[in-house]
Amino acid sequence: MPDTSLALRVHDTLAGRKVRVEPREERGRKLLRLYVCGITPYDSGHIGHAFTFCVYDVLVRFVEASGVRVRYVQNVTDVDDPLFERARRDGVDWRELAESEVAVHIRDMGSLGWRVPDFMPRVSGEITPILRAATKLHSNGYAYKTDALYFDASRYRGYGNLSHRTRRSMIRKLREEGLLGTVGPGAKQDALDFPLWRSSRPEEPAWPSRFGEGRPGWHIECSAMAMRYLGEQIDIHGGGRDLAFSHHESERAQSECLTGKVPFARAWMHTGLVRYEGKKMSKSLGNLVLIPQALERAPAAAVRLYLASHRYGRDWEFRWSGLAQAARLAERVRILLAGERAGVGTAQPAATGRVGPNKGMAAGTRRLVDQFNRVLADDLDTPGALRVLRTALREGDAPAVRWMMGILAGTASLT
Ligand SMILES: [Zn+2]
């Protein structure tokens with residue numbers, strides 16, 4: 001498969017196998033629509049988050065290098081309990097807290113050489129489309145109003161199929177996450193139903209609506225925003241694997257009930273969880289490695305190479321020794337590219353629509369780049385891509401190395 005146009009396959013959680021991703025034409029140019037569930041802006045800058053967003057950064061750069069445009073939406077959940085709790089605790093306005101945390105996120109990810117999404121909508125700025133979606137679900141009989149407006153999960157056949165969970169397993173996860181709520185008269189009718197719109201607690205923001213003053217439930221925001229910025233059907237829906245249930249399961253159900261169009265997402269691509277000191281890296285356990293902490297110990301490009309050394313769908317354990325090893329690799333790259341500018345630069349889309357740099361490159365470089373592209377096209381096999389990078393380093397092929405770094409590390413600095 002030498003020098004071929006994009007033939008990307010990714011593992012689709014719903015199908016349980018790799019599926020071909022085929023961008024559609026829009027105004028004469030191929031376009032891939034990507035939606036990734038983003039941050040709740042109260043504390044987000046740890047390596048677990050960076051892993052997820054860097055996985056999609058590699059995807060975006062790889063696809064764009066083939067001449068296909070990517071429209072990338074990543075939402076900001078700025079209407080959420082933990083954010084309000086922290087704002088209350090710190091005595092600051094929730095909007096200010098959210099915006100300052102978004103700025104930190106963009107700065108941290110920017111230092112990792114990430115391409116900023118085309119749209120980063122905030123829930124607080126999308127209340128009208130969210131309410132429009134909730135109203136339509138209600139009018140069409142997919143939702144009912146008691147103490148909140150609930151989505152009736154029984155109206156969607158196949159609720160549970162995306163996450164491959166039984167009813168029992170779904171209920172267990174809801175309980176673990178504190179999302180089970182109350183089932184009974186005046187509340188939800190079934191444990192799997194979830195709120196589309198609910199009342200706000202005192203001191204929380206509330207917006208007027210026909211369902212009473214309140215705020216959106218969690219899942220509806222992503223259906224509304226994905227549709228507003230990408231249309232009713234998208235190509236790839238991404239996010240951390242812990243979101244598959246209940247968030248993505250619910251998002252899929254709502255979205256397909258809203259439009260009647262199936263599938264809402266052609267591929268559901270989930271990233272693995274990052275552990276540290278043996279446990280999932282999380283704020284509540286306190287075992288975080290923050291992005292700036294990693295950057296104190298290694299150049300940004302080394303952090304990117306370390307993240308890329310893991311298969312995106314698998315869980316892995318963060319180790320400082322692994323980062324140090326990636327730093328040695330980045331140093332070899334730096335030495336080879338010495339004389340070039342410090343940033344490794346962005347891969348330029350090929351005018352031909354083919355993956356790879358322009359014609360005129362040496363045959364050896366061409367072969368390495370083709371090999372690299374083939375590996376990445378097969379479910380974004382970044383560890384495989386790193387093996388090709390090491391070969392290119394051994395062969396001292398600077399143009400090939402530069403090309404590969406532009407995709408694996410974006411604009412991250414080598415120093
Ligand atoms: Zn989401």
# chains A, B, ... in the order shown; residues from 1 in each chain; ligands from 1
>>> residues_near_ligand(ligand="ligand 1", cutoff="7 Å", atoms="only C-alpha atoms and all ligand atoms", output="ChimeraX atom specification")
/A:36-38,219,222,247-248
>>> select_by_dssp(residues="segment 96-249 of chain A", states="strand (DSSP E or B)", output="list in words")
Phe119, Arg122, Ala143, Tyr144, Lys145, Leu149, Tyr150, Phe151, Val183, Lys188, Phe194, Pro195, Leu196, Trp197, Arg198, Trp207, Gly214, Arg215, Pro216, Ile234, Asp235, Ile236, His237, Gly238, Gly239 and Gly240 of chain A
>>> atom_distance(atom1="atom CA of Thr391 of chain A", atom2="atom CA of Arg304 of chain A")
18.3 Å
>>> closest_residue(among="A:Leu6, A:Ala15, A:Ala103, A:Val68", to="Lys30 of chain A", atoms="only C-alpha atoms")
A:Val68
>>> residues_around(residues="Leu34 of chain A", least_positions_apart="6", cutoff="10 Å", atoms="only C-alpha atoms", output="PyMOL selection string")
chain A and resi 56+59-60+70-74+117+226+230+234-238+265+267
>>> closest_residue(among="A:Arg228, A:Arg24, A:Lys145, A:Arg122", to="Thr40 of chain A", atoms="only C-alpha atoms")
A:Arg122
>>> residues_around(residues="segment 127-132 of chain A", least_positions_apart="5", cutoff="12 Å", atoms="only C-alpha atoms", output="PyMOL selection string")
chain A and resi 77-79+121-122+137-139+149+196-198+205-229+254-255+258
